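Peer 1: Before I ask anything, here is the structure I am working with.
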Amino acid sequence: MDWTGIRGEVFHNVSMRRYTSMKVGGHARFMVYPADEEDLAHIVRRLETHGISYRFLGNGTNVIVNDGLIDEAIIRITKINMLRKKKVNDTWAVKVSGGITLNRLIKYCAEMGLSGLERLYWIPGTVGGGIKMNCGSFSSTISDCLEYVEILRNNHGLLRIEKKDLSFGYRQSSIGRTECVLFAQFALQRKDREEILKEMEYVSMERKKRHPMEYPSSGSIFKSVGNEPAWKFIEKAGLKGLRIGGACISEKHGNFIVNLGDAKAKDIKALIEKVKKEVFELFGVNLVEEVELWGFEEERKNL
Ligand SMILES: Cc1cc2nc3c(=O)[nH]c(=O)nc-3n(C[C@H](O)[C@H](O)[C@H](O)COP(=O)(O)OP(=O)(O)OC[C@H]3O[C@@H](n4cnc5c(N)ncnc54)[C@H](O)[C@@H]3O)c2cc1C
């Protein structure tokens with residue numbers, strides 16, 4: 001692969017353990033950091049011409065990558081930095097690049113006295129990853145105050161898509177695997193700065209109480225089943241503390257698998273399968289993953 005003319009950075013044979021919050025996974029063939037949107041378009045064109053499969057990675061907090069070689073280019077737009085606000089009638093529009101972390105965006109909004117995103121505080125991902133997953137917490141989702149996104153879609157250049165032309169569901173969106181959320185604009189309301197900070201403090205305290213922050217994880221492994229959180233089934237099945245290799249169902253939160261230090265992706269996958277089987281056998285309930293499993297057999301079949 002010839003990278004001449006690419007202005008961003010390209011790394012070869014990169015360990016995915018370093019780039020995912022679960023801290024497992026093999027080596028990706030390339031990891032690419034475009035310098036800007038033009039560079040990104042150029043990179044995507046080049047990869048497509050060479051028939052190299054690619055996908056986008058934010059903070060890697062919702063993906064579990066398989067052990068072994070990931071024969072792909074992983075593109076991260078975390079070096080494209082944009083965060084600005086402007087007043088539009090009674091609301092404020094905040095436009096941000098997709099590689100910025102949600103926490104940075106939310107802290108900026110709090111400083112400016114702009115409300116709408118604060119209940120997502122401490123979700124450890126980026127804006128782009130958050131929009132793709134329609135991340136949410138405390139009855140709020142990132143799409144609630146989204147106005148539009150600017151995405152790069154394969155070879156079609158930068159497209160502005162209004163929220164009404166996208167679809168969002170529970171931890172899912174219509175953003176495709178080869179589409180990159182480069183920018184997003186949110187419509188926010190003025191609110192007292194102290195009130196926003198109070199809400200953020202509440203959210204972070206609750207998270208610390210509920211989540212096993214002391215170990216690497218990918219957050220919730222399974223989606224809720226209707227209104228029932230997945231942890232209820234896992235805990236009722238007596239699976240808390242169950243271990244396979246270095247992967248363990250957290251004692252603190254039944255829907256978290258934690259890496260005790262030396263877990264392999266295969267341990268985590270085996271634990272996921274075990275939980276699904278037990279919960280199905282006991283309650284007739286099919287748990288569905290909220291996390292994405294990259295490079296595993298099922299995914300290869302669906303590509
Ligand atoms: C401790 C912990 C707590 C968590 N709590 C919550 C929670 O309360 N609520 C919740 O919803 N989630 C939670 N998560 C999961 C995760 O943080 C969210 O899903 C988050 O939105 C993922 O963002 P990311 O940048 O890490 O995305 P990644 O994990 O890097 O990627 C996720 C998906 O988004 C795609 N993607 C990434 N960037 C882009 C982009 N710029 N354009 C297009 N697609 C892109 C990837 O290809 C992949 O398909 C938690 C995770 C952890 C580890």
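Residue numbering restarts at 1 for every chain of the structure tokens, chains are lettered A, B, ... in their displayed order, and ligands are numbered from 1 as they appear.
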Tell me which protein, DNA and RNA residues are within 10 Å of range 278-295 of chain A, counting only C-alpha atoms, leaving out same-chain ones fewer than 4 positions away, and put them as number ranges by chain.
Peer 2: A: 25-26, 60-72, 133, 170-172, 218-225, 230, 233-239, 265, 269, 272-274, 299-300
Peer 1: I need the residues of range 83-281 of chain A that end up classed as alpha helix (DSSP H) by DSSP on the backbone, written out as an NGL selection string.
Peer 2: :A and (102-112 or 127-133 or 193-210 or 230-236 or 265-281)
Peer 1: The selected residues should be written to file as a PDB file, in the first residue's frame (atoms: C-alpha atoms).
Peer 2:
ATOM      1  CA  LEU A 102     -18.191  13.313  24.744  1.00  0.00           C
ATOM      2  CA  ASN A 103     -16.736  14.402  28.050  1.00  0.00           C
ATOM      3  CA  ARG A 104     -14.815  17.239  26.431  1.00  0.00           C
ATOM      4  CA  LEU A 105     -17.943  18.383  24.600  1.00  0.00           C
ATOM      5  CA  ILE A 106     -20.108  18.173  27.723  1.00  0.00           C
ATOM      6  CA  LYS A 107     -17.596  20.081  29.860  1.00  0.00           C
ATOM      7  CA  TYR A 108     -17.396  22.769  27.179  1.00  0.00           C
ATOM      8  CA  CYS A 109     -21.200  23.048  27.088  1.00  0.00           C
ATOM      9  CA  ALA A 110     -21.338  23.296  30.900  1.00  0.00           C
ATOM     10  CA  GLU A 111     -18.771  26.111  30.849  1.00  0.00           C
ATOM     11  CA  MET A 112     -20.902  27.933  28.287  1.00  0.00           C
ATOM     12  CA  VAL A 127     -19.083  12.047  19.560  1.00  0.00           C
ATOM     13  CA  GLY A 128     -18.885   9.973  16.331  1.00  0.00           C
ATOM     14  CA  GLY A 129     -18.970   6.634  18.150  1.00  0.00           C
ATOM     15  CA  GLY A 130     -21.771   7.962  20.354  1.00  0.00           C
ATOM     16  CA  ILE A 131     -23.913   8.952  17.378  1.00  0.00           C
ATOM     17  CA  LYS A 132     -23.321   5.663  15.594  1.00  0.00           C
ATOM     18  CA  MET A 133     -24.370   3.774  18.772  1.00  0.00           C
ATOM     19  CA  ARG A 193     -24.102  26.703  34.741  1.00  0.00           C
ATOM     20  CA  GLU A 194     -24.268  25.538  38.364  1.00  0.00           C
ATOM     21  CA  GLU A 195     -27.383  23.473  37.652  1.00  0.00           C
ATOM     22  CA  ILE A 196     -25.688  21.742  34.735  1.00  0.00           C
ATOM     23  CA  LEU A 197     -22.617  21.022  36.858  1.00  0.00           C
ATOM     24  CA  LYS A 198     -24.839  19.617  39.605  1.00  0.00           C
ATOM     25  CA  GLU A 199     -26.472  17.242  37.127  1.00  0.00           C
ATOM     26  CA  MET A 200     -23.052  16.151  35.862  1.00  0.00           C
ATOM     27  CA  GLU A 201     -21.869  15.536  39.422  1.00  0.00           C
ATOM     28  CA  TYR A 202     -24.970  13.412  40.121  1.00  0.00           C
ATOM     29  CA  VAL A 203     -24.445  11.391  36.948  1.00  0.00           C
ATOM     30  CA  SER A 204     -20.777  10.708  37.657  1.00  0.00           C
ATOM     31  CA  MET A 205     -21.463   9.709  41.281  1.00  0.00           C
ATOM     32  CA  GLU A 206     -24.196   7.276  40.214  1.00  0.00           C
ATOM     33  CA  ARG A 207     -21.923   5.760  37.588  1.00  0.00           C
ATOM     34  CA  LYS A 208     -19.122   5.272  40.093  1.00  0.00           C
ATOM     35  CA  LYS A 209     -21.579   3.537  42.427  1.00  0.00           C
ATOM     36  CA  ARG A 210     -22.955   1.198  39.772  1.00  0.00           C
ATOM     37  CA  ALA A 230     -30.060  -7.503  31.000  1.00  0.00           C
ATOM     38  CA  TRP A 231     -28.241  -7.568  34.361  1.00  0.00           C
ATOM     39  CA  LYS A 232     -31.451  -8.770  36.044  1.00  0.00           C
ATOM     40  CA  PHE A 233     -31.466 -12.013  34.040  1.00  0.00           C
ATOM     41  CA  ILE A 234     -27.725 -12.515  34.491  1.00  0.00           C
ATOM     42  CA  GLU A 235     -27.892 -11.963  38.231  1.00  0.00           C
ATOM     43  CA  LYS A 236     -31.010 -14.142  38.643  1.00  0.00           C
ATOM     44  CA  ALA A 265     -10.826 -11.923  23.281  1.00  0.00           C
ATOM     45  CA  LYS A 266     -11.708 -15.610  23.050  1.00  0.00           C
ATOM     46  CA  ASP A 267     -12.336 -15.737  26.840  1.00  0.00           C
ATOM     47  CA  ILE A 268     -14.734 -12.810  26.600  1.00  0.00           C
ATOM     48  CA  LYS A 269     -16.521 -14.327  23.624  1.00  0.00           C
ATOM     49  CA  ALA A 270     -16.838 -17.672  25.438  1.00  0.00           C
ATOM     50  CA  LEU A 271     -18.296 -15.904  28.482  1.00  0.00           C
ATOM     51  CA  ILE A 272     -20.784 -14.037  26.301  1.00  0.00           C
ATOM     52  CA  GLU A 273     -21.911 -17.311  24.719  1.00  0.00           C
ATOM     53  CA  LYS A 274     -22.182 -19.002  28.122  1.00  0.00           C
ATOM     54  CA  VAL A 275     -24.355 -16.172  29.505  1.00  0.00           C
ATOM     55  CA  LYS A 276     -26.628 -16.243  26.449  1.00  0.00           C
ATOM     56  CA  LYS A 277     -27.059 -20.006  26.728  1.00  0.00           C
ATOM     57  CA  GLU A 278     -27.786 -20.008  30.474  1.00  0.00           C
ATOM     58  CA  VAL A 279     -30.215 -17.092  30.301  1.00  0.00           C
ATOM     59  CA  PHE A 280     -32.031 -18.674  27.385  1.00  0.00           C
ATOM     60  CA  GLU A 281     -32.270 -22.055  29.091  1.00  0.00           C
TER      61      GLU A 281
END
Peer 1: Tell me which of A:Arg119, A:Arg29, A:Arg177, A:Lys85 sits closest to Gly136 in chain A, counting only C-alpha atoms.
Peer 2: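 Going through A:Arg119, A:Arg29, A:Arg177, A:Lys85 one by one, the smallest distance to Gly136 in chain A is for A:Arg119.
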Peer 1: Leu182 in chain A: which residues within 6 Å, counting only C-alpha atoms, same-chain residues fewer than 4 positions away excluded, as a list in words?
Peer 2: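 Residues near the query, excluding close chain neighbours: Ser97, Gly98, Glu150 and Ile151 of chain A.
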Peer 1: So how far away is CA of Leu188 in chain A from CA of Tyr148 in chain A, in Å?
Peer 2: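 Separating CA of Tyr148 in chain A from CA of Leu188 in chain A is a distance of 12.9 Å.
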Peer 1: Applying 8 Å and only C-alpha atoms, which residues near Leu146 in chain A remain after dropping the ones on its own chain fewer than 5 positions away? List them as a PyMOL selection string.
Peer 2: chain A and resi 163+184-187
Peer 1: Using only C-alpha atoms, which residue out of A:Ser115, A:Thr126, A:Thr91, A:Asn134 lies closest to Leu57 in chain A?
Peer 2: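 So, comparing all the options, the nearest one is A:Thr126.
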Peer 1: Excluding same-chain residues fewer than 4 positions from range 247-250 of chain A, what lies within 6 Å of it counting only C-alpha atoms, as a VMD selection string?
Peer 2: chain A and resid 240 to 243 254 256 to 259 263 267 to 268
Peer 1: Rounded to one decimal in Å, what is the spacing between CA of Gln189 in chain A and CA of Leu83 in chain A?
Peer 2: 16.7 Å
Peer 1: Per DSSP on the backbone, what are the strand (DSSP E or B) residues of range 178-283 of chain A, as a list in words?
Peer 2: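 Reading the DSSP output for range 178-283 of chain A, strand (DSSP E or B) covers Glu179, Cys180, Val181, Leu182, Phe183, Ala184, Gln185, Phe186, Ala187, Leu188, Gln189, Arg190, Ser217, Ser218, Gly219, Ser220, Phe222, Val225, Glu228, Arg243, Ile244, Ala247, Cys248, Ile249, Phe256, Ile257, Val258 and Asn259 of chain A.
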Peer 1: With distances taken over only C-alpha atoms, which of A:Thr101, A:His12, A:Gly51, A:Pro124 is nearest to Ser217 in chain A?
Peer 2: A:Pro124
Peer 1: May I have the residues within 12 Å of Thr49 in chain A as a list in words, using only C-alpha atoms and disregarding those fewer than 3 positions away in the same chain?
Peer 2: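 Close residues of Thr49 in chain A: Met1, Asp2, His42, Ile43, Val44, Arg45, Arg46, Ile52, Ser53, Tyr54, Asn154 and Asn155 of chain A.
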Peer 1: Of the candidates A:Ile77, A:Leu159, A:Met16, A:Ala93, which shows the shortest atom-to-atom distance to ligand 1, using only C-alpha atoms and all ligand atoms?
Peer 2: A:Ile77
Peer 1: Hey, which of A:Lys95, A:Arg17, A:His211, A:Arg190 ends up closest to ligand 1? Count only C-alpha atoms and all ligand atoms.
Peer 2: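 Checking each candidate against ligand 1, we get A:His211 as the closest.
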Peer 1: When you count only C-alpha atoms, which of these residues is closest to Pro216 in chain A: A:Val32, A:Cys145, A:Val96, A:Leu260?
Peer 2: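 Residue with the minimum atom-to-atom distance to Pro216 in chain A: A:Leu260.
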Peer 1: What is the distance between CA of Ile175 in chain A and CA of Leu114 in chain A, in Å to one decimal?
Peer 2: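 A separation of 26.4 Å between them.
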